[in-house]
file upload-v9.cif (mmCIF, C-alpha atoms)
data_start
loop_
_atom_site.label_atom_id
_atom_site.label_comp_id
_atom_site.auth_asym_id
_atom_site.auth_seq_id
_atom_site.Cartn_x
_atom_site.Cartn_y
_atom_site.Cartn_z
CA MET A 139 0.78 -22.11 -14.84
CA ASN A 140 1.75 -20.65 -11.50
CA PHE A 141 1.11 -17.18 -12.83
CA LEU A 142 -2.33 -18.19 -14.09
CA GLY A 143 -3.24 -19.66 -10.74
CA GLU A 144 -2.24 -16.50 -8.94
CA TRP A 145 -4.21 -14.37 -11.32
CA LEU A 146 -7.33 -16.50 -10.82
CA LYS A 147 -6.89 -16.40 -7.06
CA GLU A 148 -6.66 -12.65 -7.16
CA ILE A 149 -9.83 -12.32 -9.22
CA ILE A 150 -11.76 -14.68 -6.99
CA VAL A 151 -10.76 -12.85 -3.83
CA VAL A 152 -11.54 -9.45 -5.27
CA VAL A 153 -14.99 -10.63 -6.34
CA LEU A 154 -15.57 -12.16 -2.91
CA ILE A 155 -14.62 -8.92 -1.21
CA ALA A 156 -16.89 -7.02 -3.58
CA VAL A 157 -19.83 -9.24 -2.58
CA PHE A 158 -19.05 -8.70 1.10
CA ILE A 159 -18.99 -4.98 0.56
CA ASP A 160 -22.30 -5.17 -1.24
CA LEU A 161 -23.82 -6.81 1.81
CA LEU A 162 -22.25 -4.33 4.20
CA LEU A 163 -23.57 -1.27 2.41
CA PRO A 164 -26.02 0.83 4.44
CA ASN A 165 -28.74 1.34 1.85
CA ARG A 166 -29.72 1.64 -1.78
CA SER A 167 -28.82 5.22 -2.53
CA MET A 168 -25.05 4.63 -2.46
CA GLU A 169 -25.23 1.25 -4.07
CA ARG A 170 -24.87 2.27 -7.69
CA TYR A 171 -21.77 4.33 -7.01
CA VAL A 172 -20.11 1.71 -4.87
CA LYS A 173 -20.90 -0.96 -7.43
CA PHE A 174 -19.37 1.14 -10.16
CA VAL A 175 -16.09 1.60 -8.31
CA VAL A 176 -15.92 -2.04 -7.23
CA SER A 177 -16.59 -3.22 -10.77
CA LEU A 178 -13.76 -0.98 -11.94
CA LEU A 179 -11.49 -2.65 -9.41
CA ILE A 180 -12.50 -6.07 -10.69
CA LEU A 181 -11.79 -4.90 -14.23
CA LEU A 182 -8.37 -3.69 -13.10
CA THR A 183 -7.65 -7.10 -11.63
CA LEU A 184 -8.74 -8.79 -14.84
CA LEU A 185 -6.48 -6.48 -16.85
CA SER A 186 -3.45 -6.88 -14.61
CA PRO A 187 -1.62 -9.38 -16.90
CA VAL A 188 -2.06 -7.01 -19.83
CA MET A 189 -0.73 -4.15 -17.75
CA ARG A 190 2.24 -6.19 -16.65
CA LEU A 191 2.87 -6.92 -20.32
CA PHE A 192 3.10 -3.24 -21.21
CA SER A 193 4.93 -1.80 -18.26
CA SER A 194 7.23 -3.55 -15.85
CA ASP A 195 6.43 -1.28 -12.93
CA ALA A 196 2.65 -1.48 -13.18
CA LYS A 197 2.22 -2.13 -9.49
CA GLN A 198 4.21 0.90 -8.52
CA LYS A 199 2.32 3.02 -11.01
CA ILE A 200 -0.98 2.01 -9.48
CA GLU A 201 0.28 2.82 -6.01
CA THR A 202 1.52 6.21 -7.16
CA ALA A 203 -1.80 7.02 -8.80
CA PHE A 204 -3.74 6.01 -5.70
CA ALA A 205 -1.43 7.92 -3.40
CA ASP A 206 -1.91 11.02 -5.55
CA SER A 207 -5.68 10.87 -5.42
CA TRP A 208 -5.73 10.14 -1.71
CA GLY A 209 -3.44 13.06 -1.13
CA ASN A 210 -6.15 15.17 -2.77
CA LEU A 211 -8.68 13.84 -0.30
CA GLY A 212 -6.64 15.49 2.41
CA ASN A 213 -6.11 12.52 4.72
CA SER A 214 -3.09 10.36 5.43
CA GLY A 215 -2.49 9.97 1.71
CA THR A 216 0.22 12.62 1.81
CA LYS A 217 2.48 10.34 3.79
CA ALA A 218 2.08 7.56 1.27
CA SER A 219 2.79 9.92 -1.61
CA THR A 220 6.01 11.20 -0.02
CA GLU A 221 7.06 7.60 0.46
CA VAL A 222 6.43 6.94 -3.20
CA ILE A 223 8.37 10.05 -4.17
CA LEU A 224 11.27 9.04 -1.96
CA ARG A 225 11.31 5.58 -3.47
CA GLN A 226 11.33 7.02 -6.97
CA GLY A 227 14.15 9.38 -6.02
CA GLU A 228 16.17 6.50 -4.69
CA GLN A 229 15.61 4.59 -7.90
CA LEU A 230 16.66 7.55 -10.00
CA ARG A 231 19.79 8.05 -7.92
CA LYS A 232 20.78 4.42 -8.37
CA GLN A 233 20.20 4.65 -12.08
CA HIS A 234 22.37 7.77 -12.36
CA GLU A 235 25.10 6.14 -10.33
CA GLN A 236 24.99 3.10 -12.56
CA GLU A 237 25.26 5.24 -15.66
CA ALA A 238 28.15 7.22 -14.24
CA LEU A 239 29.97 4.03 -13.29
CA GLN A 240 29.42 2.60 -16.73
CA TRP A 241 30.70 5.74 -18.38
CA ALA A 242 33.74 5.87 -16.11
CA GLY A 243 34.47 2.24 -16.88
CA GLU A 244 34.29 2.84 -20.62
CA GLU A 245 36.52 5.87 -20.35
CA ALA A 246 39.09 4.05 -18.25
CA ALA A 247 39.03 1.14 -20.66
CA ARG A 248 39.63 3.46 -23.60
CA GLN A 249 42.62 5.08 -21.93
CA MET A 250 44.05 1.75 -20.86
CA LYS A 251 43.78 0.45 -24.38
CA GLY A 252 45.62 3.45 -25.74
CA GLN A 253 48.34 3.13 -23.12
CA ILE A 254 48.88 -0.55 -23.66
CA GLU A 255 49.09 -0.14 -27.40
CA ARG A 256 51.49 2.76 -27.08
CA GLU A 257 53.81 1.31 -24.47
CA THR A 258 53.98 -2.35 -25.42
CA GLY A 259 53.17 -2.21 -29.11
CA LEU A 260 50.73 -5.07 -28.76
CA ALA A 261 47.49 -5.02 -30.66
CA VAL A 262 44.57 -4.89 -28.28
CA GLU A 263 41.12 -5.87 -29.39
CA ARG A 264 39.23 -4.38 -26.46
CA VAL A 265 39.58 -3.67 -22.78
CA THR A 266 36.70 -4.25 -20.38
CA VAL A 267 36.80 -2.58 -17.00
CA THR A 268 34.43 -3.60 -14.21
CA LEU A 269 33.92 -0.98 -11.54
CA THR A 270 32.50 -1.43 -8.10
CA GLY A 271 30.79 1.56 -6.60
CA GLY A 272 30.63 0.16 -3.02
CA LYS A 273 29.13 3.41 -1.74
CA PRO A 274 26.81 2.02 0.96
CA SER A 275 29.59 0.08 2.63
CA GLU A 276 31.79 3.15 2.64
CA GLU A 277 29.11 5.25 4.24
CA THR A 278 28.80 2.80 7.07
CA ARG A 279 32.52 2.80 7.62
CA SER A 280 33.27 6.49 7.92
CA ASN A 281 32.24 9.72 6.35
CA GLU A 282 35.62 11.23 5.70
CA LYS A 283 36.81 8.13 3.94
CA ALA A 284 33.84 8.02 1.68
CA GLU A 285 35.04 11.05 -0.20
CA GLU A 286 38.47 9.68 -0.87
CA ILE A 287 37.41 6.24 -1.92
CA GLY A 288 35.35 6.59 -5.04
CA PRO A 289 34.32 3.67 -7.15
CA SER A 290 37.22 1.28 -7.51
CA ILE A 291 38.31 -0.95 -10.35
CA LYS A 292 37.39 -4.53 -9.64
CA THR A 293 38.55 -6.43 -12.69
CA VAL A 294 40.22 -5.57 -15.97
CA GLU A 295 39.90 -7.86 -18.93
CA VAL A 296 42.25 -7.28 -21.83
CA VAL A 297 41.43 -9.10 -25.03
CA MET A 298 44.39 -9.32 -27.41
CA LYS A 299 43.98 -9.01 -31.12
CA GLN A 300 45.18 -11.89 -33.18
CA MET A 301 48.91 -11.57 -33.71
CA GLY A 302 49.55 -12.61 -37.29
CA ASN A 303 53.34 -12.31 -37.09
CA SER A 304 53.67 -14.32 -33.92
CA GLY A 305 52.43 -17.46 -35.69
CA ASN A 306 54.68 -19.51 -37.92
CA GLU A 307 55.84 -18.34 -41.32
CA GLN A 308 54.08 -20.96 -43.34
CA ARG A 309 50.66 -19.67 -42.49
CA SER A 310 51.47 -16.01 -42.53
CA GLY A 311 50.73 -15.76 -46.22
CA GLU A 312 47.19 -16.99 -46.12
CA ALA A 313 46.29 -16.64 -42.46
CA SER A 314 45.03 -13.24 -41.57
CA GLY A 315 41.72 -14.31 -40.04
CA ILE A 316 41.08 -16.73 -37.26
CA LYS A 317 40.24 -19.74 -39.40
CA PRO A 318 43.68 -21.28 -39.98
CA VAL A 319 44.40 -21.30 -36.30
CA GLN A 320 41.28 -23.24 -35.57
CA LYS A 321 42.08 -25.77 -38.20
CA VAL A 322 45.54 -26.37 -36.86
CA LYS A 323 44.15 -26.86 -33.45
CA VAL A 324 41.82 -29.53 -34.75
CA ASP A 325 44.83 -31.30 -36.23
CA VAL A 326 46.54 -31.40 -32.89
CA SER A 327 43.60 -32.86 -31.07
CA SER A 328 42.92 -35.55 -33.65
CA PRO A 329 45.42 -38.14 -34.81
CA PRO A 330 46.65 -37.93 -38.41
CA GLU A 331 44.55 -40.89 -39.59
CA GLY A 332 41.44 -39.07 -38.35
CA SER A 333 42.16 -36.20 -40.71
CA GLY A 334 40.91 -38.22 -43.62
CA THR A 335 37.47 -36.89 -42.97
CA GLN A 336 38.63 -33.32 -43.07
CA THR A 337 39.12 -31.09 -46.06
CA ILE A 338 42.06 -31.43 -48.37
CA GLU A 339 43.38 -28.09 -47.37
CA ALA A 340 43.51 -29.08 -43.75
CA MET A 341 45.13 -32.40 -44.62
CA SER A 342 47.97 -30.80 -46.52
CA LYS A 343 48.51 -28.44 -43.67
CA SER A 344 48.51 -31.14 -41.06
CA GLU A 345 51.34 -32.94 -42.81
CA THR A 346 53.55 -29.88 -42.83
CA GLY A 347 52.46 -28.38 -39.56
CA ILE A 348 52.28 -31.36 -37.29
CA SER A 349 55.95 -31.50 -36.50
CA GLU A 350 56.16 -27.83 -35.65
CA GLN A 351 52.92 -27.76 -33.74
CA SER A 352 54.32 -28.54 -30.31
CA GLU A 353 57.11 -25.99 -30.38
CA ASP A 354 54.86 -23.52 -32.14
CA SER A 355 52.28 -23.55 -29.35
CA LEU A 356 55.06 -23.42 -26.78
CA GLU A 357 56.49 -20.36 -28.38
CA LYS A 358 53.06 -18.77 -28.53
CA GLN A 359 52.55 -19.47 -24.87
CA GLN A 360 55.76 -17.72 -24.06
CA VAL A 361 54.79 -14.76 -26.16
CA HIS A 362 51.47 -14.63 -24.42
CA ALA A 363 53.00 -14.85 -20.98
CA LEU A 364 55.41 -12.08 -21.88
CA ALA A 365 52.64 -9.86 -23.16
CA GLU A 366 50.52 -10.59 -20.14
CA GLY A 367 53.37 -9.66 -17.82
CA GLN A 368 53.96 -6.45 -19.75
CA ILE A 369 50.33 -5.46 -19.62
CA GLU A 370 50.00 -6.27 -15.96
CA ASP A 371 53.13 -4.33 -15.15
CA LEU A 372 51.87 -1.35 -17.07
CA LEU A 373 48.46 -1.40 -15.48
CA TYR A 374 49.98 -1.77 -12.03
CA ARG A 375 52.36 1.11 -12.60
CA GLU A 376 49.90 3.50 -14.19
CA TRP A 377 46.64 2.62 -12.54
CA GLY A 378 47.56 0.82 -9.36
CA ILE A 379 45.56 -2.24 -10.27
CA SER A 380 46.66 -5.45 -8.58
CA ARG A 381 47.80 -8.27 -10.82
CA GLU A 382 45.10 -10.68 -9.74
CA SER A 383 42.36 -8.51 -11.10
CA VAL A 384 43.84 -8.25 -14.59
CA THR A 385 42.86 -10.93 -17.06
CA VAL A 386 44.53 -11.10 -20.43
CA VAL A 387 42.66 -13.06 -23.01
CA ASP A 388 44.51 -13.97 -26.16
CA VAL A 389 42.45 -14.82 -29.19
CA ASN A 390 45.35 -16.82 -30.63
CA ARG A 391 45.32 -19.19 -27.75
CA GLU A 392 41.64 -19.89 -27.73
CA MET B 289 -28.17 -11.13 23.04
CA GLU B 290 -26.59 -8.13 21.39
CA MET B 291 -29.46 -7.88 18.99
CA ILE B 292 -31.91 -7.70 21.90
CA GLN B 293 -29.79 -4.99 23.50
CA ILE B 294 -29.85 -2.90 20.39
CA VAL B 295 -33.56 -3.36 19.77
CA GLY B 296 -34.28 -2.54 23.42
CA LEU B 297 -32.19 0.59 23.21
CA GLY B 298 -33.98 1.59 20.05
CA LEU B 299 -37.42 1.02 21.57
CA VAL B 300 -36.60 2.96 24.73
CA ALA B 301 -35.20 5.83 22.68
CA THR B 302 -38.30 5.84 20.47
CA VAL B 303 -40.69 5.97 23.44
CA LEU B 304 -38.66 8.76 25.02
CA ILE B 305 -38.66 10.73 21.82
CA LEU B 306 -42.44 10.31 21.42
CA VAL B 307 -42.96 11.55 24.95
CA ILE B 308 -40.60 14.50 24.70
CA LYS B 309 -41.31 15.57 21.13
CA GLU B 310 -44.34 17.70 21.99
CA GLN B 311 -42.56 19.70 24.67
CA LYS B 312 -38.95 19.90 23.45
CA PRO B 313 -38.33 18.92 19.83
CA LEU B 314 -34.61 19.79 20.26
CA PHE B 315 -34.10 17.16 22.95
CA ALA B 316 -35.95 14.64 20.84
CA PHE B 317 -33.46 15.25 18.07
CA LEU B 318 -30.52 14.92 20.48
CA ILE B 319 -31.83 11.60 21.80
CA ALA B 320 -32.24 10.31 18.27
CA ALA B 321 -28.74 11.40 17.28
CA SER B 322 -27.06 9.96 20.35
CA THR B 323 -28.93 6.67 20.01
CA GLY B 324 -27.80 6.44 16.44
CA ILE B 325 -24.19 7.17 17.37
CA TYR B 326 -24.31 4.61 20.16
CA ILE B 327 -25.55 1.86 17.85
CA PHE B 328 -22.96 2.88 15.29
CA LEU B 329 -20.13 2.65 17.84
CA PHE B 330 -21.50 -0.68 19.01
CA LEU B 331 -21.26 -1.99 15.46
CA ILE B 332 -17.76 -0.67 14.81
CA GLY B 333 -16.20 -3.58 16.71
CA LYS B 334 -18.15 -6.07 14.60
CA ILE B 335 -17.24 -4.31 11.38
CA GLY B 336 -13.60 -4.40 12.51
CA GLY B 337 -13.84 -8.19 12.76
CA ILE B 338 -15.20 -8.44 9.24
CA ILE B 339 -12.47 -6.16 7.92
CA GLU B 340 -9.82 -8.24 9.65
CA VAL B 341 -11.10 -11.36 7.93
CA LEU B 342 -11.11 -9.56 4.59
CA GLU B 343 -7.56 -8.35 5.13
CA LYS B 344 -6.36 -11.85 5.99
CA LEU B 345 -8.10 -13.18 2.91
CA ALA B 346 -6.48 -10.57 0.70
CA GLU B 347 -3.07 -11.07 2.23
CA SER B 348 -3.10 -14.84 1.84
CA SER B 349 -4.18 -14.66 -1.78
CA GLY B 350 -1.72 -11.98 -2.84
CA VAL B 351 -4.27 -9.34 -3.80
CA GLN B 352 -2.71 -5.91 -3.80
CA MET B 353 -3.48 -4.25 -0.50
CA ILE B 354 -4.22 -1.02 -2.33
CA TYR B 355 -7.38 -2.62 -3.76
CA LEU B 356 -8.64 -3.61 -0.35
CA LYS B 357 -7.79 -0.20 1.03
CA THR B 358 -9.80 1.44 -1.75
CA ILE B 359 -12.79 -0.78 -1.08
CA LEU B 360 -12.63 -0.11 2.65
CA LYS B 361 -12.41 3.61 2.04
CA ILE B 362 -15.49 3.39 -0.15
CA ILE B 363 -17.42 1.54 2.49
CA GLY B 364 -16.34 3.99 5.16
CA ILE B 365 -17.41 6.98 3.10
CA ALA B 366 -20.73 5.32 2.34
CA TYR B 367 -21.42 4.55 5.99
CA ILE B 368 -20.49 7.95 7.34
CA ALA B 369 -22.39 9.82 4.64
CA GLU B 370 -25.43 7.64 5.18
CA PHE B 371 -25.34 8.09 8.93
CA GLY B 372 -25.00 11.84 8.79
CA ALA B 373 -27.66 12.17 6.14
CA GLN B 374 -30.15 10.13 8.16
CA ILE B 375 -29.65 12.12 11.33
CA VAL B 376 -30.07 15.35 9.45
CA ARG B 377 -33.13 13.96 7.69
CA ASP B 378 -34.65 13.00 11.03
CA ALA B 379 -34.33 16.60 12.07
CA GLY B 380 -36.36 17.52 9.03
CA GLN B 381 -33.60 19.07 6.92
CA GLU B 382 -34.12 17.09 3.76
CA SER B 383 -32.02 19.38 1.57
CA ILE B 384 -28.95 19.22 3.78
CA ALA B 385 -29.27 15.45 3.95
CA SER B 386 -29.27 15.20 0.19
CA LYS B 387 -26.18 17.43 0.04
CA ILE B 388 -24.37 15.14 2.45
CA GLU B 389 -25.29 12.19 0.27
CA LEU B 390 -24.06 14.04 -2.78
CA ALA B 391 -20.73 14.71 -1.07
CA GLY B 392 -20.43 11.00 -0.27
CA LYS B 393 -21.10 10.07 -3.88
CA VAL B 394 -18.57 12.58 -5.18
CA LEU B 395 -15.87 11.34 -2.79
CA ILE B 396 -16.53 7.77 -3.87
CA MET B 397 -16.15 8.83 -7.48
CA VAL B 398 -12.85 10.57 -6.63
CA LEU B 399 -11.56 7.22 -5.44
CA ALA B 400 -12.43 5.79 -8.83
CA ILE B 401 -10.36 8.34 -10.77
CA PRO B 402 -6.98 6.58 -10.55
CA ILE B 403 -8.57 3.25 -11.46
CA ILE B 404 -10.28 4.78 -14.48
CA SER B 405 -7.11 6.52 -15.62
CA ILE B 406 -5.04 3.33 -15.34
CA ILE B 407 -7.61 1.29 -17.24
CA ILE B 408 -7.90 3.89 -19.99
CA GLU B 409 -4.11 4.10 -20.25
CA THR B 410 -3.86 0.34 -20.63
CA VAL B 411 -6.61 0.22 -23.23
CA ILE B 412 -4.97 3.02 -25.22
CA LYS B 413 -1.68 1.14 -25.17
CA LEU B 414 -3.50 -1.92 -26.44
CA LEU B 415 -4.66 -0.06 -29.52
CA PRO B 416 -2.21 0.12 -32.43
CA ALA B 417 -0.54 3.51 -32.51
#

call {"tool": "encode", "arguments": {"input": "upload-v9.cif", "output": "structure tokens"}}
result
Amino acid sequence: MNFLGEWLKEIIVVVLIAVFIDLLLPNRSMERYVKFVVSLLILLTLLSPVMRLFSSDAKQKIETAFADSWGNLGNSGTKASTEVILRQGEQLRKQHEQEALQWAGEEAARQMKGQIERETGLAVERVTVTLTGGKPSEETRSNEKAEEIGPSIKTVEVVMKQMGNSGNEQRSGEASGIKPVQKVKVDVSSPPEGSGTQTIEAMSKSETGISEQSEDSLEKQQVHALAEGQIEDLLYREWGISRESVTVVDVNRE
Amino acid sequence: MEMIQIVGLGLVATVLILVIKEQKPLFAFLIAASTGIYIFLFLIGKIGGIIEVLEKLAESSGVQMIYLKTILKIIGIAYIAEFGAQIVRDAGQESIASKIELAGKVLIMVLAIPIISIIIETVIKLLPA
């Protein structure tokens, strides 16, 4: 609704200005030409929602086009066009930087994953590395430092694969996916009499698993803490990443 | 009051030109041109006020300033071309006056080129490929 109101306001003002211009015109001979251009402008205003639909940077495109044609007229348009070019260059630079950061992050994540799997023998689902490219702040600090300090690693998220052998032996036969774990968790949260509404499979499991559940989860926690410590140690040793910025997510614990 | 000033200036200039035209047609032309320029300069302040109001209007309603700039450029080209053409026409050079008008029209059309190209681009995108 807000958007519609703004659009209407724009049209009304453009038409008003067009009428003013019509009155201001010196005489008849120019009128047809001026009316043509002004009507084109009104059409452009009417079409602006459609243009916004097709291209996100419609406004900038219009400005670029106008700056180009005014540059041809040989007046101050050249200044505007250089501004536009500079702005586009800045945008391109940012985009490139973003892409480079993303690529570096993916590469670092890939290497980290390989290292963790090799050194600790833990199965890693994926590693996500978030990089910060804090270039502008570095430039303000000092120039010689800016070359040393490239983009730095902000956070590392390590997602562990489900560890089938770390669970209890009873489930190991059937449980290879994530489902059994979820079911057991449901059993813990709900009292045994509540399990009457659940499936027969879950019921039979709850009877056998309920006694072991507490020590089972405790053991899993320990395993997780151990793995987390290992991974953090490794990342600190190899990459110099502080422990606070490493997050280890274990699917088993979810 | 301003209107009376302008009309008075115009009348005085006309009488002077009528008197001087027989002896020195060149001076008559100079008087006509300078009178025209004076009235034009006198009006520039007023036109500036109108443009200010238009700019405020556009700014408050969120119209892109580039539209207003285009319209103002058009009006400026129209005024200057008209003024020059009339002075030249007064001096009896009809053909040069029409060339000046032609130049004004062409420059106005040049301003329309980016608008036309954007509209055509949008319409082409609207059509199924």

call {"tool": "resolve_selection", "arguments": {"input": "upload-v9.cif", "expression": "the PyMOL selection byres ((chain B and resi 298) around 12)", "output": "NGL selection string"}}
result
:B and (291-297 or 299-305 or 319-327)

call {"tool": "atom_distance", "arguments": {"input": "upload-v9.cif", "atom1": "atom CA of A:Glu235", "atom2": "atom CA of A:Met189"}}
result
28.8 Å

call {"tool": "interface_residues", "arguments": {"input": "upload-v9.cif", "of": "chain B", "to": "chain A", "cutoff": "6 Å", "atoms": "only C-alpha atoms", "output": "PDB file with C-alpha atoms, in the frame of the given file"}}
result
ATOM      1  CA  VAL B 351      -4.270  -9.340  -3.800  1.00  0.00           C
ATOM      2  CA  ALA B 400     -12.430   5.790  -8.830  1.00  0.00           C
ATOM      3  CA  PRO B 402      -6.980   6.580 -10.550  1.00  0.00           C
TER       4      PRO B 402
END

call {"tool": "resolve_selection", "arguments": {"input": "upload-v9.cif", "expression": "the PyMOL selection byres ((chain B and resi 335) around 12)", "output": "ChimeraX atom specification"}}
result
/A:158-159,161-163 /B:328-334,336-342,360,363-364,367

call {"tool": "closest_residue", "arguments": {"input": "upload-v9.cif", "among": "A:Gly252, A:Arg166, A:Gly143, A:Ala247", "to": "B:Glu370", "atoms": "all atoms listed in the file"}}
result
A:Arg166

call {"tool": "residues_around", "arguments": {"input": "upload-v9.cif", "residues": "stretch 371-379 of chain B", "least_positions_apart": "5", "cutoff": "7 Å", "atoms": "only C-alpha atoms", "output": "PyMOL selection string"}}
result
chain B and resi 317+321+384-386+388-389

call {"tool": "axis_aligned_box", "arguments": {"input": "upload-v9.cif", "around": "stretch 343-347 of chain B", "padding_each_side": "6 Å", "output": "AutoDock Vina command-line options"}}
result
--center_x -5.6 --center_y -10.8 --center_z 3.3 --size_x 17.0 --size_y 16.8 --size_z 17.3

call {"tool": "closest_residue", "arguments": {"input": "upload-v9.cif", "among": "B:Leu345, B:Ala366, B:Leu306, B:Leu318", "to": "B:Ala391", "atoms": "only C-alpha atoms"}}
result
B:Ala366

call {"tool": "atom_distance", "arguments": {"input": "upload-v9.cif", "atom1": "atom CA of A:Leu260", "atom2": "atom CA of A:Trp377"}}
result
18.4 Å

call {"tool": "atom_distance", "arguments": {"input": "upload-v9.cif", "atom1": "atom CA of A:Lys251", "atom2": "atom CA of A:Val265"}}
result
6.1 Å

call {"tool": "resolve_selection", "arguments": {"input": "upload-v9.cif", "expression": "the PyMOL selection byres ((chain A and resi 385) around 6)", "output": "number ranges by chain"}}
result
A: 295, 384, 386

call {"tool": "decode", "arguments": {"input": "upload-v9.cif", "residues": "stretch 405-412 of chain B", "atoms": "all heavy atoms", "output": "mmCIF file, in the first residue's frame"}}
result
data_model
loop_
_atom_site.group_PDB
_atom_site.id
_atom_site.type_symbol
_atom_site.label_atom_id
_atom_site.label_comp_id
_atom_site.auth_asym_id
_atom_site.auth_seq_id
_atom_site.Cartn_x
_atom_site.Cartn_y
_atom_site.Cartn_z
ATOM 1 N N SER B 405 15.176 4.761 -24.918
ATOM 2 C CA SER B 405 15.867 3.465 -24.877
ATOM 3 C C SER B 405 15.438 2.659 -23.651
ATOM 4 O O SER B 405 15.245 1.447 -23.731
ATOM 5 C CB SER B 405 17.375 3.680 -24.879
ATOM 6 O OG SER B 405 17.773 4.363 -23.730
ATOM 7 N N ILE B 406 15.268 3.342 -22.509
ATOM 8 C CA ILE B 406 14.857 2.605 -21.304
ATOM 9 C C ILE B 406 13.456 2.037 -21.481
ATOM 10 O O ILE B 406 13.183 0.883 -21.138
ATOM 11 C CB ILE B 406 14.926 3.529 -20.077
ATOM 12 C CG1 ILE B 406 16.390 3.808 -19.732
ATOM 13 C CG2 ILE B 406 14.226 2.911 -18.890
ATOM 14 C CD1 ILE B 406 16.558 4.864 -18.693
ATOM 15 N N ILE B 407 12.566 2.848 -22.036
ATOM 16 C CA ILE B 407 11.185 2.376 -22.208
ATOM 17 C C ILE B 407 11.150 1.179 -23.157
ATOM 18 O O ILE B 407 10.498 0.163 -22.888
ATOM 19 C CB ILE B 407 10.290 3.522 -22.738
ATOM 20 C CG1 ILE B 407 10.096 4.559 -21.626
ATOM 21 C CG2 ILE B 407 8.956 2.989 -23.191
ATOM 22 C CD1 ILE B 407 9.359 5.777 -22.066
ATOM 23 N N ILE B 408 11.892 1.293 -24.251
ATOM 24 C CA ILE B 408 11.888 0.195 -25.228
ATOM 25 C C ILE B 408 12.462 -1.080 -24.601
ATOM 26 O O ILE B 408 11.943 -2.185 -24.784
ATOM 27 C CB ILE B 408 12.675 0.607 -26.493
ATOM 28 C CG1 ILE B 408 11.858 1.620 -27.277
ATOM 29 C CG2 ILE B 408 12.978 -0.593 -27.349
ATOM 30 C CD1 ILE B 408 12.564 2.168 -28.480
ATOM 31 N N GLU B 409 13.537 -0.893 -23.823
ATOM 32 C CA GLU B 409 14.143 -2.042 -23.148
ATOM 33 C C GLU B 409 13.131 -2.738 -22.234
ATOM 34 O O GLU B 409 12.980 -3.962 -22.247
ATOM 35 C CB GLU B 409 15.309 -1.539 -22.310
ATOM 36 C CG GLU B 409 16.462 -2.511 -22.195
ATOM 37 C CD GLU B 409 17.625 -1.841 -21.483
ATOM 38 O OE1 GLU B 409 18.368 -1.087 -22.122
ATOM 39 O OE2 GLU B 409 17.736 -2.070 -20.270
ATOM 40 N N THR B 410 12.422 -1.932 -21.468
ATOM 41 C CA THR B 410 11.424 -2.494 -20.549
ATOM 42 C C THR B 410 10.326 -3.230 -21.305
ATOM 43 O O THR B 410 9.926 -4.324 -20.934
ATOM 44 C CB THR B 410 10.808 -1.362 -19.711
ATOM 45 O OG1 THR B 410 11.852 -0.579 -19.161
ATOM 46 C CG2 THR B 410 9.953 -1.922 -18.601
ATOM 47 N N VAL B 411 9.865 -2.616 -22.395
ATOM 48 C CA VAL B 411 8.782 -3.231 -23.156
ATOM 49 C C VAL B 411 9.259 -4.547 -23.769
ATOM 50 O O VAL B 411 8.538 -5.547 -23.772
ATOM 51 C CB VAL B 411 8.292 -2.253 -24.241
ATOM 52 C CG1 VAL B 411 7.353 -2.961 -25.201
ATOM 53 C CG2 VAL B 411 7.588 -1.083 -23.606
ATOM 54 N N ILE B 412 10.506 -4.561 -24.248
ATOM 55 C CA ILE B 412 11.033 -5.794 -24.841
ATOM 56 C C ILE B 412 11.152 -6.887 -23.786
ATOM 57 O O ILE B 412 10.856 -8.062 -24.041
ATOM 58 C CB ILE B 412 12.400 -5.513 -25.508
ATOM 59 C CG1 ILE B 412 12.163 -4.777 -26.831
ATOM 60 C CG2 ILE B 412 13.158 -6.802 -25.762
ATOM 61 C CD1 ILE B 412 13.423 -4.354 -27.506
#
